[in-house]
file work.pdb (PDB, C-alpha atoms)
ATOM      1  CA  MET A   1     198.139 120.737 137.078
ATOM      2  CA  HIS A   2     196.303 123.884 136.010
ATOM      3  CA  ARG A   3     192.564 123.342 136.282
ATOM      4  CA  THR A   4     189.883 125.431 134.627
ATOM      5  CA  TYR A   5     186.166 124.764 135.129
ATOM      6  CA  SER A   6     184.824 126.846 132.266
ATOM      7  CA  LEU A   7     185.117 126.047 128.608
ATOM      8  CA  ARG A   8     185.232 129.761 127.778
ATOM      9  CA  ASN A   9     187.794 131.697 129.803
ATOM     10  CA  SER A  10     187.091 134.963 127.973
ATOM     11  CA  ARG A  11     183.352 134.236 127.673
ATOM     12  CA  ALA A  12     183.159 135.489 124.098
ATOM     13  CA  PRO A  13     179.588 135.616 122.747
ATOM     14  CA  THR A  14     178.488 132.355 121.170
ATOM     15  CA  ALA A  15     176.778 132.128 117.773
ATOM     16  CA  ALA A  16     173.447 131.535 119.507
ATOM     17  CA  GLN A  17     173.914 134.660 121.636
ATOM     18  CA  LEU A  18     174.798 136.723 118.568
ATOM     19  CA  GLN A  19     171.731 135.408 116.768
ATOM     20  CA  SER A  20     169.463 136.096 119.757
ATOM     21  CA  PRO A  21     170.952 138.281 122.523
ATOM     22  CA  PRO A  22     170.627 136.702 125.973
ATOM     23  CA  PRO A  23     167.840 138.007 128.224
ATOM     24  CA  PRO A  24     168.530 139.847 131.481
ATOM     25  CA  PRO A  25     169.170 137.728 134.588
ATOM     26  CA  SER A  26     166.037 136.108 135.951
ATOM     27  CA  SER A  27     164.210 137.587 138.903
ATOM     28  CA  THR A  28     164.904 134.448 140.952
ATOM     29  CA  LYS A  29     168.608 135.310 141.162
ATOM     30  CA  SER A  30     168.091 138.404 143.288
ATOM     31  CA  GLY A  31     166.314 138.505 146.613
ATOM     32  CA  ARG A  32     165.274 135.628 148.815
ATOM     33  CA  PHE A  33     162.251 135.219 151.013
ATOM     34  CA  PHE A  34     162.826 132.801 153.881
ATOM     35  CA  GLY A  35     165.953 131.525 152.115
ATOM     36  CA  LYS A  36     165.854 128.561 149.749
ATOM     37  CA  GLY A  37     163.556 126.351 151.753
ATOM     38  CA  SER A  38     160.174 124.971 150.825
ATOM     39  CA  ILE A  39     158.314 127.504 153.010
ATOM     40  CA  ALA A  40     158.661 130.203 150.366
ATOM     41  CA  HIS A  41     157.656 127.739 147.639
ATOM     42  CA  THR A  42     154.493 126.738 149.464
ATOM     43  CA  PHE A  43     153.628 130.308 150.436
ATOM     44  CA  ARG A  44     153.885 131.581 146.860
ATOM     45  CA  ARG A  45     151.881 128.689 145.444
ATOM     46  CA  THR A  46     149.005 128.899 147.919
ATOM     47  CA  THR A  47     148.631 132.675 148.124
ATOM     48  CA  ALA A  48     148.760 133.223 144.355
ATOM     49  CA  GLY A  49     145.572 131.207 143.820
ATOM     50  CA  SER A  50     143.597 132.884 146.594
ATOM     51  CA  LEU A  51     144.374 136.567 146.051
ATOM     52  CA  GLY A  52     143.654 139.010 143.242
ATOM     53  CA  PRO A  53     140.853 139.065 140.637
ATOM     54  CA  GLU A  54     139.122 135.736 140.248
ATOM     55  CA  LEU A  55     139.669 135.589 136.484
ATOM     56  CA  ALA A  56     143.448 135.875 136.902
ATOM     57  CA  ARG A  57     143.892 133.524 139.869
ATOM     58  CA  LYS A  58     144.598 130.297 137.990
ATOM     59  CA  LEU A  59     147.235 131.856 135.769
ATOM     60  CA  ALA A  60     148.685 133.776 138.714
ATOM     61  CA  GLN A  61     149.159 130.463 140.498
ATOM     62  CA  LEU A  62     150.843 128.986 137.414
ATOM     63  CA  VAL A  63     153.224 131.968 137.216
ATOM     64  CA  LYS A  64     154.194 131.519 140.880
ATOM     65  CA  MET A  65     154.678 127.789 140.424
ATOM     66  CA  GLU A  66     156.986 128.478 137.482
ATOM     67  CA  LYS A  67     159.029 130.761 139.720
ATOM     68  CA  ASN A  68     159.461 127.827 142.089
ATOM     69  CA  VAL A  69     160.624 125.714 139.149
ATOM     70  CA  MET A  70     163.193 128.370 138.247
ATOM     71  CA  ARG A  71     164.551 128.453 141.789
ATOM     72  CA  ASP A  72     164.933 124.674 141.689
ATOM     73  CA  ILE A  73     166.809 124.865 138.377
ATOM     74  CA  GLU A  74     169.026 127.573 139.849
ATOM     75  CA  LEU A  75     169.864 125.305 142.777
ATOM     76  CA  LEU A  76     170.512 122.415 140.376
ATOM     77  CA  ALA A  77     172.897 124.548 138.311
ATOM     78  CA  LYS A  78     174.835 125.557 141.405
ATOM     79  CA  GLU A  79     175.091 121.980 142.682
ATOM     80  CA  GLN A  80     176.176 120.800 139.226
ATOM     81  CA  ARG A  81     179.143 123.162 139.293
ATOM     82  CA  GLU A  82     180.071 122.019 142.796
ATOM     83  CA  VAL A  83     179.916 118.400 141.649
ATOM     84  CA  ALA A  84     182.273 119.211 138.768
ATOM     85  CA  LYS A  85     184.821 120.715 141.145
ATOM     86  CA  GLN A  86     184.589 117.754 143.502
ATOM     87  CA  LEU A  87     185.024 115.239 140.682
ATOM     88  CA  SER A  88     188.207 116.942 139.539
ATOM     89  CA  LEU A  89     189.431 117.196 143.130
ATOM     90  CA  TRP A  90     188.832 113.493 143.707
ATOM     91  CA  GLY A  91     190.667 112.394 140.568
ATOM     92  CA  GLU A  92     193.652 114.672 141.052
ATOM     93  CA  ASP A  93     195.616 112.160 143.117
ATOM     94  CA  GLY A  94     194.818 109.193 140.865
ATOM     95  CA  ASP A  95     196.850 107.679 138.059
ATOM     96  CA  ASP A  96     197.733 109.929 135.156
ATOM     97  CA  ASP A  97     194.865 108.798 132.954
ATOM     98  CA  VAL A  98     192.299 108.983 135.759
ATOM     99  CA  SER A  99     193.593 112.391 136.845
ATOM    100  CA  ASP A 100     193.485 113.858 133.346
ATOM    101  CA  VAL A 101     190.120 112.393 132.332
ATOM    102  CA  THR A 102     188.340 113.358 135.572
ATOM    103  CA  ASP A 103     189.761 116.867 135.240
ATOM    104  CA  LYS A 104     188.372 117.191 131.717
ATOM    105  CA  LEU A 105     185.079 115.582 132.730
ATOM    106  CA  GLY A 106     184.847 118.186 135.464
ATOM    107  CA  VAL A 107     185.196 120.881 132.795
ATOM    108  CA  LEU A 108     182.288 119.400 130.848
ATOM    109  CA  ILE A 109     180.076 118.917 133.886
ATOM    110  CA  TYR A 110     180.797 122.471 135.014
ATOM    111  CA  GLU A 111     179.632 123.639 131.606
ATOM    112  CA  ILE A 112     176.377 121.736 132.141
ATOM    113  CA  GLY A 113     175.814 123.877 135.217
ATOM    114  CA  GLU A 114     176.568 126.989 133.158
ATOM    115  CA  LEU A 115     174.032 125.966 130.514
ATOM    116  CA  GLU A 116     171.380 125.364 133.146
ATOM    117  CA  ASP A 117     172.122 128.794 134.622
ATOM    118  CA  GLN A 118     171.669 130.410 131.201
ATOM    119  CA  TYR A 119     168.483 128.394 130.710
ATOM    120  CA  ILE A 120     166.975 130.041 133.805
ATOM    121  CA  ASP A 121     167.281 133.504 132.253
ATOM    122  CA  LYS A 122     165.561 132.378 129.059
ATOM    123  CA  TYR A 123     162.933 130.451 131.010
ATOM    124  CA  ASP A 124     162.127 133.693 132.816
ATOM    125  CA  GLN A 125     161.180 135.260 129.470
ATOM    126  CA  TYR A 126     158.485 132.604 129.139
ATOM    127  CA  ARG A 127     157.223 133.271 132.659
ATOM    128  CA  ILE A 128     157.186 137.057 132.250
ATOM    129  CA  THR A 129     155.210 136.725 129.014
ATOM    130  CA  LEU A 130     152.627 134.593 130.817
ATOM    131  CA  LYS A 131     152.386 137.360 133.424
ATOM    132  CA  SER A 132     151.237 139.766 130.706
ATOM    133  CA  ILE A 133     148.238 137.485 130.065
ATOM    134  CA  ARG A 134     147.552 137.432 133.798
ATOM    135  CA  ASN A 135     147.626 141.227 133.854
ATOM    136  CA  ILE A 136     145.081 141.582 131.041
ATOM    137  CA  GLU A 137     142.868 138.993 132.749
ATOM    138  CA  ALA A 138     142.998 141.075 135.919
ATOM    139  CA  SER A 139     142.039 144.218 133.978
ATOM    140  CA  VAL A 140     139.051 142.497 132.340
ATOM    141  CA  GLN A 141     137.581 141.288 135.633
ATOM    142  CA  PRO A 142     136.199 144.733 136.725
ATOM    143  CA  SER A 143     134.208 145.135 133.485
ATOM    144  CA  ARG A 144     132.687 141.682 133.971
ATOM    145  CA  ASP A 145     131.855 142.466 137.573
ATOM    146  CA  ARG A 146     130.268 145.810 136.654
ATOM    147  CA  LYS A 147     128.086 144.239 133.982
ATOM    148  CA  GLN A 148     127.005 141.464 136.340
ATOM    149  CA  LYS A 149     126.254 143.941 139.123
ATOM    150  CA  ILE A 150     124.004 146.045 136.864
ATOM    151  CA  THR A 151     122.250 142.922 135.572
ATOM    152  CA  ASP A 152     121.554 141.728 139.112
ATOM    153  CA  HIS A 153     120.297 145.179 140.123
ATOM    154  CA  ILE A 154     117.878 145.291 137.191
ATOM    155  CA  ALA A 155     116.556 141.832 138.012
ATOM    156  CA  GLN A 156     116.067 142.841 141.658
ATOM    157  CA  LEU A 157     114.153 146.001 140.721
ATOM    158  CA  LYS A 158     111.941 144.154 138.246
ATOM    159  CA  TYR A 159     111.033 141.756 141.011
ATOM    160  CA  LYS A 160     110.386 144.364 143.732
ATOM    161  CA  ASP A 161     109.227 147.383 141.697
ATOM    162  CA  PRO A 162     108.553 146.578 138.015
ATOM    163  CA  ASN A 163     107.460 150.186 137.310
ATOM    164  CA  SER A 164     110.554 151.843 138.763
ATOM    165  CA  ASP A 165     112.135 154.596 136.638
ATOM    166  CA  LYS A 166     115.559 153.340 137.670
ATOM    167  CA  ILE A 167     115.144 150.285 135.448
ATOM    168  CA  ILE A 168     115.420 152.372 132.270
ATOM    169  CA  VAL A 169     118.498 154.179 133.582
ATOM    170  CA  LEU A 170     120.124 150.899 134.597
ATOM    171  CA  GLU A 171     119.354 149.303 131.227
ATOM    172  CA  GLN A 172     121.140 152.200 129.512
ATOM    173  CA  GLU A 173     124.106 151.698 131.822
ATOM    174  CA  LEU A 174     124.015 147.998 131.011
ATOM    175  CA  VAL A 175     124.239 148.758 127.286
ATOM    176  CA  ARG A 176     127.351 150.878 127.881
ATOM    177  CA  ALA A 177     128.830 148.263 130.230
ATOM    178  CA  GLU A 178     128.273 145.526 127.644
ATOM    179  CA  ALA A 179     130.008 147.625 124.983
ATOM    180  CA  GLU A 180     132.990 148.177 127.272
ATOM    181  CA  SER A 181     133.025 144.504 128.140
ATOM    182  CA  LEU A 182     133.027 143.495 124.467
ATOM    183  CA  VAL A 183     136.126 145.611 123.843
ATOM    184  CA  ALA A 184     137.867 144.188 126.914
ATOM    185  CA  GLU A 185     136.962 140.600 126.010
ATOM    186  CA  ALA A 186     138.252 141.075 122.462
ATOM    187  CA  GLN A 187     141.549 142.415 123.811
ATOM    188  CA  LEU A 188     141.775 139.474 126.193
ATOM    189  CA  SER A 189     141.148 137.007 123.371
ATOM    190  CA  ASN A 190     143.745 138.569 121.090
ATOM    191  CA  ILE A 191     146.430 139.114 123.706
ATOM    192  CA  THR A 192     145.966 135.637 125.202
ATOM    193  CA  ARG A 193     146.674 133.927 121.899
ATOM    194  CA  ASP A 194     149.537 136.226 120.951
ATOM    195  CA  LYS A 195     151.302 136.021 124.311
ATOM    196  CA  LEU A 196     150.641 132.301 124.824
ATOM    197  CA  LYS A 197     152.317 131.559 121.514
ATOM    198  CA  ALA A 198     155.223 133.894 122.269
ATOM    199  CA  ALA A 199     155.694 132.515 125.793
ATOM    200  CA  PHE A 200     156.002 128.895 124.760
ATOM    201  CA  ASN A 201     158.183 129.803 121.795
ATOM    202  CA  TYR A 202     160.592 131.286 124.347
ATOM    203  CA  GLN A 203     160.438 128.139 126.447
ATOM    204  CA  PHE A 204     160.771 125.630 123.620
ATOM    205  CA  ASP A 205     163.617 127.547 121.945
ATOM    206  CA  ALA A 206     165.476 127.637 125.253
ATOM    207  CA  LEU A 207     164.715 123.960 125.833
ATOM    208  CA  ARG A 208     165.992 122.992 122.382
ATOM    209  CA  GLU A 209     169.191 124.935 122.948
ATOM    210  CA  VAL A 210     170.007 123.486 126.353
ATOM    211  CA  THR A 211     169.091 119.895 125.427
ATOM    212  CA  GLU A 212     171.028 119.870 122.162
ATOM    213  CA  LYS A 213     174.056 121.372 123.886
ATOM    214  CA  LEU A 214     173.746 118.789 126.656
ATOM    215  CA  ALA A 215     173.717 116.084 123.986
ATOM    216  CA  LEU A 216     176.913 117.539 122.519
ATOM    217  CA  ILE A 217     178.582 117.555 125.929
ATOM    218  CA  ALA A 218     177.489 113.967 126.520
ATOM    219  CA  GLY A 219     179.027 112.923 123.212
ATOM    220  CA  TYR A 220     182.366 114.548 123.973
ATOM    221  CA  GLY A 221     182.239 113.150 127.505
ATOM    222  CA  LYS A 222     182.003 109.634 126.099
ATOM    223  CA  ALA A 223     184.939 110.432 123.829
ATOM    224  CA  LEU A 224     186.964 111.309 126.928
ATOM    225  CA  LEU A 225     186.087 107.980 128.500
ATOM    226  CA  GLU A 226     187.679 106.191 125.533
ATOM    227  CA  LEU A 227     191.053 107.552 126.714
ATOM    228  CA  LEU A 228     190.844 105.454 129.881
ATOM    229  CA  ASP A 229     192.647 102.126 129.693
ATOM    230  CA  ASP A 230     190.168  99.782 131.370
ATOM    231  CA  SER A 231     191.905  96.537 130.440
ATOM    232  CA  PRO A 232     192.473  94.433 133.572
ATOM    233  CA  VAL A 233     195.986  94.068 134.953
ATOM    234  CA  THR A 234     197.434  91.290 137.053
ATOM    235  CA  PRO A 235     199.020  91.966 140.457
ATOM    236  CA  GLY A 236     202.431  93.552 139.974
ATOM    237  CA  GLU A 237     201.786  94.437 136.320
ATOM    238  CA  THR A 238     202.310  98.068 135.272
ATOM    239  CA  ARG A 239     199.949  99.863 132.915
ATOM    240  CA  PRO A 240     201.393 101.518 129.809
ATOM    241  CA  ALA A 241     202.239 105.198 130.269
ATOM    242  CA  TYR A 242     199.319 107.512 129.591
ATOM    243  CA  ASP A 243     199.716 109.650 126.496
ATOM    244  CA  GLY A 244     196.233 111.135 126.091
ATOM    245  CA  TYR A 245     196.860 114.683 127.310
ATOM    246  CA  GLU A 246     196.789 116.253 123.860
ATOM    247  CA  ALA A 247     193.785 114.163 122.843
ATOM    248  CA  SER A 248     191.781 115.146 125.929
ATOM    249  CA  LYS A 249     192.656 118.793 125.423
ATOM    250  CA  GLN A 250     191.529 118.624 121.800
ATOM    251  CA  ILE A 251     188.238 117.021 122.829
ATOM    252  CA  ILE A 252     187.553 119.971 125.139
ATOM    253  CA  ILE A 253     188.478 122.441 122.384
ATOM    254  CA  ASP A 254     186.211 120.678 119.882
ATOM    255  CA  CYS A 255     183.368 120.665 122.380
ATOM    256  CA  GLU A 256     183.890 124.351 123.063
ATOM    257  CA  ASN A 257     183.763 125.143 119.351
ATOM    258  CA  GLU A 258     180.616 123.084 118.834
ATOM    259  CA  LEU A 259     178.851 124.828 121.706
ATOM    260  CA  ALA A 260     180.002 128.278 120.578
ATOM    261  CA  ASN A 261     178.860 127.752 116.974
ATOM    262  CA  TRP A 262     175.477 126.174 117.750
ATOM    263  CA  THR A 263     172.372 128.114 116.651
ATOM    264  CA  LEU A 264     168.676 127.280 116.430
ATOM    265  CA  ASP A 265     168.934 127.353 112.636
ATOM    266  CA  HIS A 266     171.347 124.413 112.767
ATOM    267  CA  ALA A 267     169.502 122.366 115.378
ATOM    268  CA  ALA A 268     170.066 118.663 114.764
ATOM    269  CA  VAL A 269     166.649 117.482 115.934
ATOM    270  CA  LYS A 270     163.713 118.525 113.741
ATOM    271  CA  ALA A 271     160.112 117.747 114.647
ATOM    272  CA  THR A 272     158.113 116.043 111.903
ATOM    273  CA  THR A 273     154.351 115.855 112.261
ATOM    274  CA  SER A 274     152.009 113.590 110.330
ATOM    275  CA  ILE A 275     149.299 116.228 110.102
ATOM    276  CA  ARG A 276     149.170 119.702 108.640
ATOM    277  CA  ARG A 277     146.595 122.454 108.538
ATOM    278  CA  ALA A 278     144.847 122.641 105.171
ATOM    279  CA  THR A 279     144.294 126.021 103.516
ATOM    280  CA  GLN A 280     140.775 127.296 102.957
ATOM    281  CA  GLU A 281     141.045 126.536  99.228
ATOM    282  CA  GLU A 282     142.255 122.995  99.893
ATOM    283  CA  TYR A 283     139.484 122.517 102.418
ATOM    284  CA  GLU A 284     136.791 123.693  99.988
ATOM    285  CA  ASN A 285     138.206 121.585  97.137
ATOM    286  CA  GLY A 286     138.416 118.559  99.383
ATOM    287  CA  TRP A 287     134.839 119.112 100.539
ATOM    288  CA  ALA A 288     133.597 119.359  96.942
ATOM    289  CA  GLU A 289     135.514 116.209  95.947
ATOM    290  CA  SER A 290     134.143 114.262  98.915
ATOM    291  CA  GLU A 291     130.571 115.266  97.984
ATOM    292  CA  GLU A 292     131.117 114.109  94.369
ATOM    293  CA  GLU A 293     132.506 110.790  95.593
ATOM    294  CA  GLU A 294     129.491 110.269  97.859
ATOM    295  CA  GLU A 295     127.102 110.974  94.960
ATOM    296  CA  GLU A 296     128.926 108.476  92.743
ATOM    297  CA  GLU A 297     128.746 105.816  95.456
ATOM    298  CA  VAL A 298     125.002 106.364  95.842
ATOM    299  CA  GLU A 299     124.469 106.040  92.059
ATOM    300  CA  GLU A 300     126.424 102.784  92.004
ATOM    301  CA  GLU A 301     124.501 101.321  94.931
ATOM    302  CA  GLU A 302     120.986 102.139  93.652
ATOM    303  CA  PRO A 303     120.763  99.429  90.865
ATOM    304  CA  HIS A 304     122.120  96.833  93.245
ATOM    305  CA  ASP A 305     119.521  97.735  95.876
ATOM    306  CA  ALA A 306     116.703  97.587  93.328
ATOM    307  CA  ALA A 307     117.692  94.131  92.175
ATOM    308  CA  SER A 308     117.975  92.858  95.703
ATOM    309  CA  ASP A 309     114.452  94.085  96.512
ATOM    310  CA  LYS A 310     112.804  91.902  93.801
ATOM    311  CA  ALA A 311     110.714  89.052  95.172
ATOM    312  CA  PRO A 312     111.926  85.533  94.316
ATOM    313  CA  VAL A 313     110.048  83.830  91.452
ATOM    314  CA  SER A 314     108.225  80.665  92.571
ATOM    315  CA  ALA A 315     108.317  77.596  90.328
TER     316      ALA A 315
END
call {"tool": "encode", "arguments": {"input": "work.pdb", "output": "structure tokens"}}
result
Amino acid sequence: MHRTYSLRNSRAPTAAQLQSPPPPPSSTKSGRFFGKGSIAHTFRRTTAGSLGPELARKLAQLVKMEKNVMRDIELLAKEQREVAKQLSLWGEDGDDDVSDVTDKLGVLIYEIGELEDQYIDKYDQYRITLKSIRNIEASVQPSRDRKQKITDHIAQLKYKDPNSDKIIVLEQELVRAEAESLVAEAQLSNITRDKLKAAFNYQFDALREVTEKLALIAGYGKALLELLDDSPVTPGETRPAYDGYEASKQIIIDCENELANWTLDHAAVKATTSIRRATQEEYENGWAESEEEEEEEVEEEEPHDAASDKAPVSA
């Protein structure tokens, strides 16, 4: 029996790839340090948080940890494809229905590995975008250090020699350093928000794509299982001849078409939140209405309070 482990022999671009061209291969797929073991993982994680500018250390450690995550996903994708091959190999010598269904299940499971491999490349976009925030943090650190150094020097001179002429010169340098620092801090604030939003958009778009495609594969996998005749037989009884070859082939074709035509615009799962951000006009109108309501409540309560304060009349 001819066996193929990829749903797309020609690997024509899918609708999702045409809508958003795939990123270049991730950096985890080229070059290895100490192989695939945990030594490299631990080394990257520990050194990233102890080297470089202090401001950028926490994010640098996060970026390195994400690289470890990507290597783990890469290993998972590879093992998933090997599992698919082994499943098909195991079922090859079984009955006709078992042989055909396990072969087609192997095709689907192999495609899961392919999706995970593609997910790594898109996940790397998220990680690289985070690195740009780390880089701007590292560039801001020197301006902070310079301003702090001048401030400390001025304080030291004022303590040891309050009349020193250097104090005036240093105060002028401090003014310039503060101006430079303000520019750098503004850039950091703007870039952090812009890149943080972009980075997680990359990750969540990639996550939506891989999870929805996995759900599609799972659905077609369960359809394949329906072709198996699991009714019990008595000793010596023969099962009816299997006639599901065309059906199993069509299930694979339908799955292939669904995966090829999937785009983010047609994602099945839509997030619905119970809150929304009010516009400035809505906020101001709501504030004015709430103040009017409070005033009306106070006016209604005042007569009641006055009546309740009257002393009881004695007989």
call {"tool": "atom_distance", "arguments": {"input": "work.pdb", "atom1": "atom CA of Ala267 of chain A", "atom2": "atom CA of Glu79 of chain A"}}
result
27.9 Å
call {"tool": "resolve_selection", "arguments": {"input": "work.pdb", "expression": "the PyMOL selection byres ((chain A and resi 192-199) around 9)", "output": "list in words"}}
result
Gln125, Tyr126, Arg127, Ile128, Thr129, Leu130, Ser132, Ile133, Arg134, Ile136, Glu137, Gln187, Leu188, Ser189, Asn190, Ile191, Phe200, Asn201, Tyr202, Gln203 and Phe204 of chain A
call {"tool": "closest_residue", "arguments": {"input": "work.pdb", "among": "A:Ile252, A:Val269, A:Ala15, A:Val183", "to": "Ile217 of chain A", "atoms": "all atoms listed in the file"}}
result
A:Ile252
call {"tool": "atom_distance", "arguments": {"input": "work.pdb", "atom1": "atom CA of Asp230 of chain A", "atom2": "atom CA of Gly94 of chain A"}}
result
14.2 Å
call {"tool": "closest_residue", "arguments": {"input": "work.pdb", "among": "A:Glu111, A:Glu178, A:Glu185, A:Glu237", "to": "Glu256 of chain A", "atoms": "all atoms listed in the file"}}
result
A:Glu111
call {"tool": "build_atoms", "arguments": {"input": "work.pdb", "residues": "segment 73-84 of chain A", "atoms": "N, CA, C and O atoms", "output": "mmCIF file, in the coordinates of the input"}}
result
data_model
loop_
_atom_site.group_PDB
_atom_site.id
_atom_site.type_symbol
_atom_site.label_atom_id
_atom_site.label_comp_id
_atom_site.auth_asym_id
_atom_site.auth_seq_id
_atom_site.Cartn_x
_atom_site.Cartn_y
_atom_site.Cartn_z
ATOM 1 N N ILE A 73 165.796 124.988 139.428
ATOM 2 C CA ILE A 73 166.809 124.865 138.377
ATOM 3 C C ILE A 73 168.064 125.625 138.765
ATOM 4 O O ILE A 73 169.188 125.178 138.515
ATOM 5 N N GLU A 74 167.878 126.784 139.399
ATOM 6 C CA GLU A 74 169.026 127.573 139.849
ATOM 7 C C GLU A 74 169.859 126.790 140.864
ATOM 8 O O GLU A 74 171.096 126.771 140.809
ATOM 9 N N LEU A 75 169.164 126.119 141.789
ATOM 10 C CA LEU A 75 169.864 125.305 142.777
ATOM 11 C C LEU A 75 170.576 124.138 142.108
ATOM 12 O O LEU A 75 171.718 123.798 142.451
ATOM 13 N N LEU A 76 169.909 123.522 141.114
ATOM 14 C CA LEU A 76 170.512 122.415 140.376
ATOM 15 C C LEU A 76 171.783 122.860 139.665
ATOM 16 O O LEU A 76 172.792 122.152 139.688
ATOM 17 N N ALA A 77 171.731 124.038 139.031
ATOM 18 C CA ALA A 77 172.897 124.548 138.311
ATOM 19 C C ALA A 77 174.064 124.765 139.264
ATOM 20 O O ALA A 77 175.226 124.436 138.947
ATOM 21 N N LYS A 78 173.776 125.310 140.426
ATOM 22 C CA LYS A 78 174.835 125.557 141.405
ATOM 23 C C LYS A 78 175.445 124.246 141.891
ATOM 24 O O LYS A 78 176.679 124.107 141.984
ATOM 25 N N GLU A 79 174.590 123.276 142.206
ATOM 26 C CA GLU A 79 175.091 121.980 142.682
ATOM 27 C C GLU A 79 175.882 121.264 141.597
ATOM 28 O O GLU A 79 176.856 120.559 141.882
ATOM 29 N N GLN A 80 175.465 121.451 140.333
ATOM 30 C CA GLN A 80 176.176 120.800 139.226
ATOM 31 C C GLN A 80 177.608 121.308 139.130
ATOM 32 O O GLN A 80 178.553 120.533 138.919
ATOM 33 N N ARG A 81 177.793 122.596 139.333
ATOM 34 C CA ARG A 81 179.143 123.162 139.293
ATOM 35 C C ARG A 81 179.979 122.668 140.474
ATOM 36 O O ARG A 81 181.185 122.416 140.330
ATOM 37 N N GLU A 82 179.342 122.537 141.631
ATOM 38 C CA GLU A 82 180.071 122.019 142.796
ATOM 39 C C GLU A 82 180.480 120.565 142.582
ATOM 40 O O GLU A 82 181.573 120.143 142.980
ATOM 41 N N VAL A 83 179.603 119.801 141.954
ATOM 42 C CA VAL A 83 179.916 118.400 141.649
ATOM 43 C C VAL A 83 181.119 118.324 140.714
ATOM 44 O O VAL A 83 182.004 117.467 140.876
ATOM 45 N N ALA A 84 181.153 119.209 139.718
ATOM 46 C CA ALA A 84 182.273 119.211 138.768
ATOM 47 C C ALA A 84 183.597 119.460 139.487
ATOM 48 O O ALA A 84 184.606 118.793 139.214
#
